[in-house]
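Content type compact mmCIF, C-alpha atoms, from the file run-v9.txt:
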```txt
# COMPACT_ATOMS: atom_id res chain seq x y z
CA MET A 1 51.18 -25.47 -87.59
CA THR A 2 50.72 -23.75 -84.22
CA TYR A 3 48.21 -25.13 -81.76
CA PRO A 4 46.63 -22.97 -79.05
CA VAL A 5 47.23 -23.52 -75.38
CA THR A 6 44.05 -24.38 -73.49
CA THR A 7 43.73 -22.70 -70.11
CA PRO A 8 41.70 -24.22 -67.28
CA ASN A 9 38.28 -22.99 -66.20
CA THR A 10 39.19 -20.55 -63.42
CA HIS A 11 35.68 -20.76 -61.95
CA LEU A 12 36.48 -24.28 -60.72
CA VAL A 13 38.45 -24.86 -57.52
CA GLN A 14 41.30 -27.02 -58.77
CA PRO A 15 43.51 -29.03 -56.44
CA THR A 16 47.27 -28.72 -56.63
CA LEU A 17 49.41 -31.77 -57.31
CA LYS A 18 50.62 -31.56 -53.70
CA GLU A 19 47.02 -31.81 -52.45
CA ILE A 20 46.30 -34.76 -54.71
CA VAL A 21 49.38 -36.65 -53.52
CA TRP A 22 48.53 -35.91 -49.88
CA GLN A 23 45.02 -37.29 -50.36
CA LYS A 24 46.35 -40.38 -52.13
CA LYS A 25 48.84 -41.05 -49.32
CA TYR A 26 45.92 -40.97 -46.89
CA GLU A 27 44.00 -43.45 -49.05
CA VAL A 28 47.03 -45.75 -49.29
CA ALA A 29 47.37 -45.69 -45.50
CA GLN A 30 43.71 -46.71 -45.21
CA ILE A 31 44.21 -49.59 -47.64
CA GLN A 32 47.25 -50.79 -45.72
CA GLN A 33 45.31 -50.58 -42.46
CA ASP A 34 42.34 -52.53 -43.82
CA MET A 35 44.24 -55.16 -45.85
CA SER A 36 47.58 -56.90 -45.51
CA LEU A 37 49.83 -57.33 -48.53
CA ALA A 38 49.23 -61.08 -48.28
CA SER A 39 45.46 -60.60 -48.49
CA LEU A 40 45.89 -58.31 -51.50
CA GLN A 41 48.05 -60.90 -53.19
CA ARG A 42 45.44 -63.59 -52.49
CA GLN A 43 42.85 -61.53 -54.36
CA LEU A 44 44.95 -62.00 -57.48
CA THR A 45 44.08 -65.68 -57.63
CA ALA A 46 40.51 -64.74 -58.59
CA ALA A 47 41.53 -61.92 -60.95
CA PRO A 48 40.46 -62.10 -64.61
CA THR A 49 43.07 -63.27 -67.12
CA VAL A 50 45.44 -60.51 -68.17
CA ARG A 51 44.92 -59.14 -71.68
CA ASP A 52 47.93 -57.85 -73.62
CA PHE A 53 47.48 -54.07 -73.57
CA LEU A 54 50.70 -53.25 -75.42
CA THR A 55 50.23 -55.80 -78.20
CA ALA A 56 46.70 -54.51 -78.77
CA LEU A 57 48.11 -51.03 -79.42
CA GLN A 58 50.90 -52.34 -81.65
CA GLN A 59 48.60 -54.49 -83.77
CA SER A 60 45.84 -51.93 -84.24
CA HIS A 61 44.87 -51.06 -87.82
CA TYR A 62 44.74 -47.37 -86.87
CA ARG A 63 47.52 -44.85 -86.38
CA PRO A 64 47.03 -43.39 -83.94
CA CYS A 65 44.72 -45.90 -82.33
CA ILE A 66 42.43 -44.81 -79.52
CA ILE A 67 42.54 -45.55 -75.81
CA ALA A 68 39.11 -44.27 -74.79
CA GLU A 69 38.74 -43.09 -71.21
CA VAL A 70 35.87 -43.69 -68.84
CA LYS A 71 35.64 -40.85 -66.34
CA LYS A 72 32.93 -38.72 -64.83
CA ALA A 73 34.93 -35.58 -64.02
CA SER A 74 38.16 -33.76 -64.91
CA PHE A 75 40.31 -30.94 -63.58
CA ILE A 76 39.40 -28.56 -66.37
CA HIS A 77 35.68 -29.23 -66.84
CA GLY A 78 34.55 -30.54 -63.46
CA VAL A 79 31.71 -33.05 -63.87
CA ILE A 80 31.59 -33.98 -67.55
CA LYS A 81 28.82 -36.56 -67.51
CA PRO A 82 26.15 -36.07 -64.80
CA ASP A 83 24.21 -39.15 -65.99
CA PHE A 84 27.35 -41.27 -65.76
CA ASP A 85 27.07 -44.98 -66.59
CA PRO A 86 30.61 -46.41 -66.80
CA VAL A 87 29.60 -49.76 -68.29
CA ALA A 88 27.41 -48.20 -70.98
CA ILE A 89 30.22 -45.80 -71.93
CA ALA A 90 32.82 -48.59 -72.05
CA LYS A 91 30.59 -50.79 -74.22
CA ALA A 92 29.95 -47.87 -76.58
CA TYR A 93 33.71 -47.33 -76.88
CA GLU A 94 34.16 -50.99 -77.71
CA ARG A 95 31.44 -50.91 -80.39
CA GLY A 96 32.90 -47.70 -81.80
CA GLY A 97 36.30 -49.27 -82.47
CA ALA A 98 38.51 -48.18 -79.56
CA THR A 99 41.58 -50.38 -79.18
CA CYS A 100 41.78 -50.18 -75.38
CA ILE A 101 39.88 -48.52 -72.56
CA SER A 102 41.24 -46.38 -69.73
CA VAL A 103 39.28 -46.37 -66.47
CA VAL A 104 39.93 -43.57 -64.00
CA THR A 105 39.73 -45.06 -60.50
CA ASP A 106 40.54 -41.99 -58.40
CA HIS A 107 37.46 -41.20 -56.33
CA LYS A 108 38.18 -37.87 -54.64
CA PHE A 109 38.99 -35.81 -57.73
CA PHE A 110 37.58 -37.82 -60.67
CA HIS A 111 34.61 -39.67 -59.12
CA GLY A 112 36.03 -43.04 -60.18
CA SER A 113 36.47 -46.35 -58.35
CA PHE A 114 38.06 -49.77 -58.54
CA GLU A 115 34.52 -51.17 -58.49
CA SER A 116 33.78 -49.43 -61.80
CA LEU A 117 36.93 -51.01 -63.21
CA ARG A 118 35.84 -54.43 -61.96
CA THR A 119 32.34 -54.06 -63.41
CA ILE A 120 33.65 -52.91 -66.79
CA ARG A 121 36.08 -55.86 -66.88
CA HIS A 122 33.16 -58.30 -66.68
CA ARG A 123 31.24 -56.58 -69.48
CA VAL A 124 33.92 -55.52 -71.99
CA ALA A 125 36.56 -57.60 -73.78
CA LEU A 126 39.10 -54.87 -74.58
CA PRO A 127 42.32 -54.45 -72.54
CA LEU A 128 41.86 -52.04 -69.62
CA LEU A 129 44.18 -49.35 -68.28
CA CYS A 130 43.84 -48.32 -64.63
CA LYS A 131 44.45 -44.58 -64.39
CA ASP A 132 45.15 -43.32 -60.90
CA PHE A 133 47.84 -41.66 -58.80
CA ILE A 134 49.90 -44.73 -57.93
CA LEU A 135 52.14 -44.30 -54.89
CA ASP A 136 52.31 -47.82 -53.47
CA PRO A 137 52.33 -51.45 -54.69
CA CYS A 138 49.02 -52.07 -52.90
CA GLN A 139 47.28 -49.93 -55.51
CA ILE A 140 48.85 -52.02 -58.28
CA TYR A 141 47.56 -55.20 -56.66
CA LEU A 142 44.08 -53.70 -56.31
CA ALA A 143 44.12 -52.69 -59.97
CA ARG A 144 45.10 -56.21 -61.11
CA ALA A 145 42.54 -57.82 -58.79
CA ALA A 146 39.86 -55.60 -60.33
CA GLY A 147 40.86 -56.67 -63.84
CA ALA A 148 43.36 -54.05 -65.02
CA ASP A 149 45.75 -55.07 -67.79
CA ALA A 150 47.89 -51.94 -67.53
CA VAL A 151 48.55 -49.20 -64.96
CA VAL A 152 49.58 -45.56 -65.28
CA LEU A 153 52.73 -44.47 -63.43
CA ILE A 154 53.22 -40.69 -63.18
CA ALA A 155 56.90 -39.76 -63.24
CA ALA A 156 56.25 -36.38 -61.58
CA ILE A 157 55.12 -37.97 -58.31
CA LEU A 158 57.52 -40.93 -58.17
CA SER A 159 61.26 -41.24 -57.67
CA ASP A 160 63.41 -43.17 -60.15
CA ARG A 161 63.67 -46.01 -57.62
CA GLN A 162 59.90 -46.15 -57.16
CA LEU A 163 59.32 -46.13 -60.91
CA GLN A 164 61.77 -49.00 -61.43
CA ASN A 165 60.34 -51.06 -58.57
CA PHE A 166 56.75 -50.48 -59.68
CA LEU A 167 57.66 -51.45 -63.24
CA ARG A 168 59.02 -54.75 -61.95
CA VAL A 169 55.85 -55.42 -59.94
CA ILE A 170 53.58 -54.55 -62.87
CA HIS A 171 55.52 -56.71 -65.34
CA TYR A 172 55.71 -59.58 -62.82
CA LEU A 173 51.91 -59.51 -62.67
CA GLY A 174 51.76 -59.78 -66.46
CA MET A 175 50.54 -56.22 -66.95
CA ASN A 176 52.02 -53.27 -68.81
CA ALA A 177 52.85 -49.83 -67.45
CA LEU A 178 52.09 -46.54 -69.18
CA VAL A 179 54.78 -44.27 -67.72
CA GLU A 180 53.48 -40.72 -67.97
CA VAL A 181 55.74 -37.70 -68.46
CA HIS A 182 55.02 -33.99 -68.85
CA THR A 183 58.47 -32.51 -69.51
CA LEU A 184 61.73 -33.32 -71.26
CA ALA A 185 63.43 -33.71 -67.89
CA GLU A 186 60.90 -36.35 -66.88
CA LEU A 187 61.26 -38.10 -70.23
CA ASP A 188 65.03 -38.27 -69.80
CA ARG A 189 64.58 -39.81 -66.35
CA VAL A 190 62.23 -42.47 -67.71
CA LEU A 191 64.44 -43.33 -70.69
CA LYS A 192 67.20 -44.35 -68.25
CA LEU A 193 64.99 -46.97 -66.57
CA ASP A 194 65.07 -50.68 -67.43
CA ASP A 195 62.32 -52.35 -69.46
CA VAL A 196 60.20 -49.30 -70.25
CA ARG A 197 57.79 -50.32 -72.99
CA LEU A 198 55.17 -47.60 -73.14
CA ILE A 199 55.45 -43.87 -72.41
CA GLY A 200 52.57 -41.43 -72.23
CA ILE A 201 53.31 -37.79 -73.05
CA ASN A 202 50.72 -35.71 -71.21
CA ASN A 203 50.16 -32.34 -72.85
CA GLN A 204 48.66 -30.89 -69.67
CA SER A 205 50.97 -28.91 -67.38
CA LEU A 206 50.98 -30.01 -63.75
CA GLU A 207 51.82 -26.47 -62.66
CA ASP A 208 48.77 -24.60 -63.96
CA PHE A 209 46.85 -27.40 -65.80
CA SER A 210 47.08 -25.54 -69.12
CA VAL A 211 47.18 -27.78 -72.19
CA ASP A 212 49.44 -27.55 -75.25
CA ILE A 213 49.54 -30.51 -77.65
CA GLY A 214 52.78 -29.08 -79.01
CA THR A 215 54.37 -30.75 -75.96
CA THR A 216 54.12 -34.13 -77.67
CA GLY A 217 55.82 -32.80 -80.79
CA GLN A 218 58.57 -31.05 -78.83
CA LEU A 219 59.47 -34.05 -76.66
CA LEU A 220 59.45 -36.49 -79.56
CA ALA A 221 61.52 -34.17 -81.73
CA ALA A 222 64.12 -34.02 -78.96
CA ARG A 223 64.34 -37.76 -78.21
CA ARG A 224 62.72 -39.58 -81.12
CA SER A 225 65.81 -41.53 -82.23
CA GLN A 226 66.49 -42.75 -78.68
CA ILE A 227 62.85 -43.78 -78.25
CA GLN A 228 62.92 -45.68 -81.55
CA THR A 229 66.20 -47.41 -80.66
CA LEU A 230 64.70 -48.60 -77.37
CA GLY A 231 61.54 -49.78 -79.14
CA ILE A 232 59.26 -47.73 -76.88
CA ASN A 233 55.69 -47.01 -77.95
CA ILE A 234 54.31 -43.52 -77.37
CA VAL A 235 50.83 -42.41 -76.30
CA SER A 236 49.79 -38.75 -76.47
CA GLU A 237 47.39 -37.57 -73.76
CA SER A 238 45.24 -34.48 -73.09
CA GLY A 239 44.05 -31.66 -75.35
CA LEU A 240 43.24 -33.87 -78.34
CA TYR A 241 39.84 -32.98 -79.75
CA THR A 242 39.90 -32.97 -83.55
CA PRO A 243 41.17 -35.12 -86.43
CA ALA A 244 43.82 -32.43 -87.02
CA ASP A 245 45.05 -32.89 -83.44
CA LEU A 246 45.32 -36.65 -83.91
CA SER A 247 47.10 -36.24 -87.24
CA PHE A 248 49.58 -33.83 -85.64
CA VAL A 249 50.64 -36.23 -82.87
CA ALA A 250 50.66 -39.20 -85.27
CA GLU A 251 53.06 -37.38 -87.58
CA ALA A 252 55.18 -36.55 -84.53
CA GLY A 253 55.58 -40.28 -83.83
CA THR A 254 52.82 -41.41 -81.48
CA HIS A 255 51.25 -44.86 -81.75
CA ALA A 256 48.10 -44.11 -79.75
CA VAL A 257 46.11 -41.32 -78.15
CA LEU A 258 44.29 -41.34 -74.84
CA LEU A 259 40.98 -39.50 -75.18
CA GLY A 260 38.71 -38.66 -72.26
CA ASP A 261 36.79 -35.37 -72.26
CA THR A 262 36.73 -35.43 -76.06
CA LEU A 263 34.56 -38.54 -76.11
CA VAL A 264 32.70 -38.66 -72.78
CA LYS A 265 30.94 -35.34 -73.32
CA HIS A 266 29.26 -36.57 -76.53
CA ASP A 267 25.69 -37.84 -76.42
CA ASP A 268 26.72 -40.66 -78.79
CA VAL A 269 30.21 -41.70 -77.70
CA GLN A 270 30.17 -44.72 -80.01
CA GLN A 271 29.75 -42.51 -83.06
CA ALA A 272 32.31 -40.04 -81.73
CA VAL A 273 34.94 -42.80 -81.70
CA ARG A 274 33.94 -43.98 -85.16
CA ASN A 275 34.15 -40.48 -86.59
CA LEU A 276 37.69 -39.94 -85.33
CA LEU A 277 38.83 -43.37 -86.52
CA GLN A 278 37.39 -42.96 -90.00
CA LEU A 279 38.91 -39.54 -90.42
CA ASN A 280 42.30 -40.88 -89.31
CA LEU A 281 42.40 -43.74 -91.80
CA SER A 282 43.88 -41.29 -94.29
CA THR A 283 46.57 -40.31 -91.77
CA HIS A 284 47.38 -43.97 -91.20
CA ASN A 285 47.66 -44.65 -94.93
CA ASN A 286 49.85 -41.61 -95.47
CA LEU A 287 52.23 -42.76 -92.72
CA LEU A 288 52.46 -46.20 -94.32
CA LYS A 289 53.29 -44.68 -97.70
CA LYS A 290 55.93 -42.46 -96.10
CA ALA A 291 57.51 -45.44 -94.34
CA MET A 292 57.62 -47.44 -97.58
CA LYS A 293 59.38 -44.57 -99.41
CA GLU A 294 62.02 -44.31 -96.67
CA ARG A 295 62.99 -47.99 -96.98
```
Can you turn what I pasted into structure tokens?
Amino acid sequence: MTYPVTTPNTHLVQPTLKEIVWQKKYEVAQIQQDMSLASLQRQLTAAPTVRDFLTALQQSHYRPCIIAEVKKASFIHGVIKPDFDPVAIAKAYERGGATCISVVTDHKFFHGSFESLRTIRHRVALPLLCKDFILDPCQIYLARAAGADAVVLIAAILSDRQLQNFLRVIHYLGMNALVEVHTLAELDRVLKLDDVRLIGINNQSLEDFSVDIGTTGQLLAARRSQIQTLGINIVSESGLYTPADLSFVAEAGTHAVLLGDTLVKHDDVQQAVRNLLQLNLSTHNNLLKKAMKER
């Protein structure tokens, strides 16, 4: 089956990855100026108990299970939810059956914040993923202090050494890392790192922000045996809107999907989650039957 490539809305002024990284470096410099590493580490003593993000995905009854994202804006659609209430959205996801919740904390481009993450942590029991452009350990400490149980690391903006060091920090803090890749070259880099547990395949190009969910299928087809040998769990991200999309990436070998625009834009996000989960029960059952036959 061939899936169409989604092109961005050209009427929106979209930042380049270089602009995003520049802005994030400025923000990191501000954090470092305002807080010492010691003070950031002290904040961890009051942080909520870490929830096991990875185990939640592995033990879910659904395949793929859903990581539902709380965000007000996106590159492609601009502001998605003008009447944005992060806590109400997160609680609706929880009631709808999401396994985990992703909270976008980038302020400049996605209108998110660490404060939203902190507030959601106090109101929702599910494991939380902090989604941001991580360039420095101080951001990881801020995420954990705010209640994050997992953090996204984007391979495209980090060196192999940074990725490995950040993985060690994240695991030391008891969290999990979702290492995000966009290309086969990035996937190969990540597969050489130590203790990678969770990889996110983002179907959105960082060059022109077009989306093709075939990316997940292509990357898994190329490296599926290596990924299985290493025991790595896969999350598919971006461009997933229908039950057919979820079935496609599940058959390709993903354990979970990260859904943002798909859910946030609905008036009833709780029902939107339920609808996708119910429709994917058949996919889950078919995968179980297939696995039993192969034994």
Next on the checklist: I want to know what sits within 10 Å of Val269 in chain A, based on all atoms listed in the file, with residues of the same chain fewer than 2 positions away left out; could you give that as a list in words?
Outcome noted: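 Skipping anything fewer than 2 positions along the chain leaves Ala68, Ala88, Ile89, Ala90, Lys91, Ala92, Tyr93, Arg95, Gly96, Thr262, Leu263, Val264, Lys265, His266, Asp267, Gln271, Ala272, Val273, Arg274 and Asn275 of chain A.
Note that the spacing between CA of Tyr26 in chain A and CA of Ile170 in chain A amounts to 22.3 Å.
Proximity to Leu57 in chain A was assessed for A:Asn202, A:Ala222, A:His77, A:Leu129 counting only C-alpha atoms; the smallest distance is recorded for A:Leu129.
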Next on the checklist: Report, in Å with one decimal, the straight-line distance from CA of Ser238 in chain A to CA of Val257 in chain A.
Outcome noted: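 Taking CA of Ser238 in chain A and CA of Val257 in chain A, their separation equals 8.6 Å.
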Checklist entry - Which neighbours of Gln139 in chain A fall inside 10 Å, counting all atoms listed in the file, when residues of the same chain fewer than 6 positions from it are skipped, and could you give them as a list in words? => result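 Near neighbours after the sequence-gap exclusion: Glu27, Val28, Ile31, Gln32, Leu40, Phe114, Cys130, Asp132, Phe133, Ala145 and Val151 of chain A.
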Checklist entry - For the atom pair CA of Lys25 in chain A and CA of Ser236 in chain A, what is the interatomic distance in Å to one decimal place? => result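 Rounded to one decimal, the two atoms are 27.3 Å apart.
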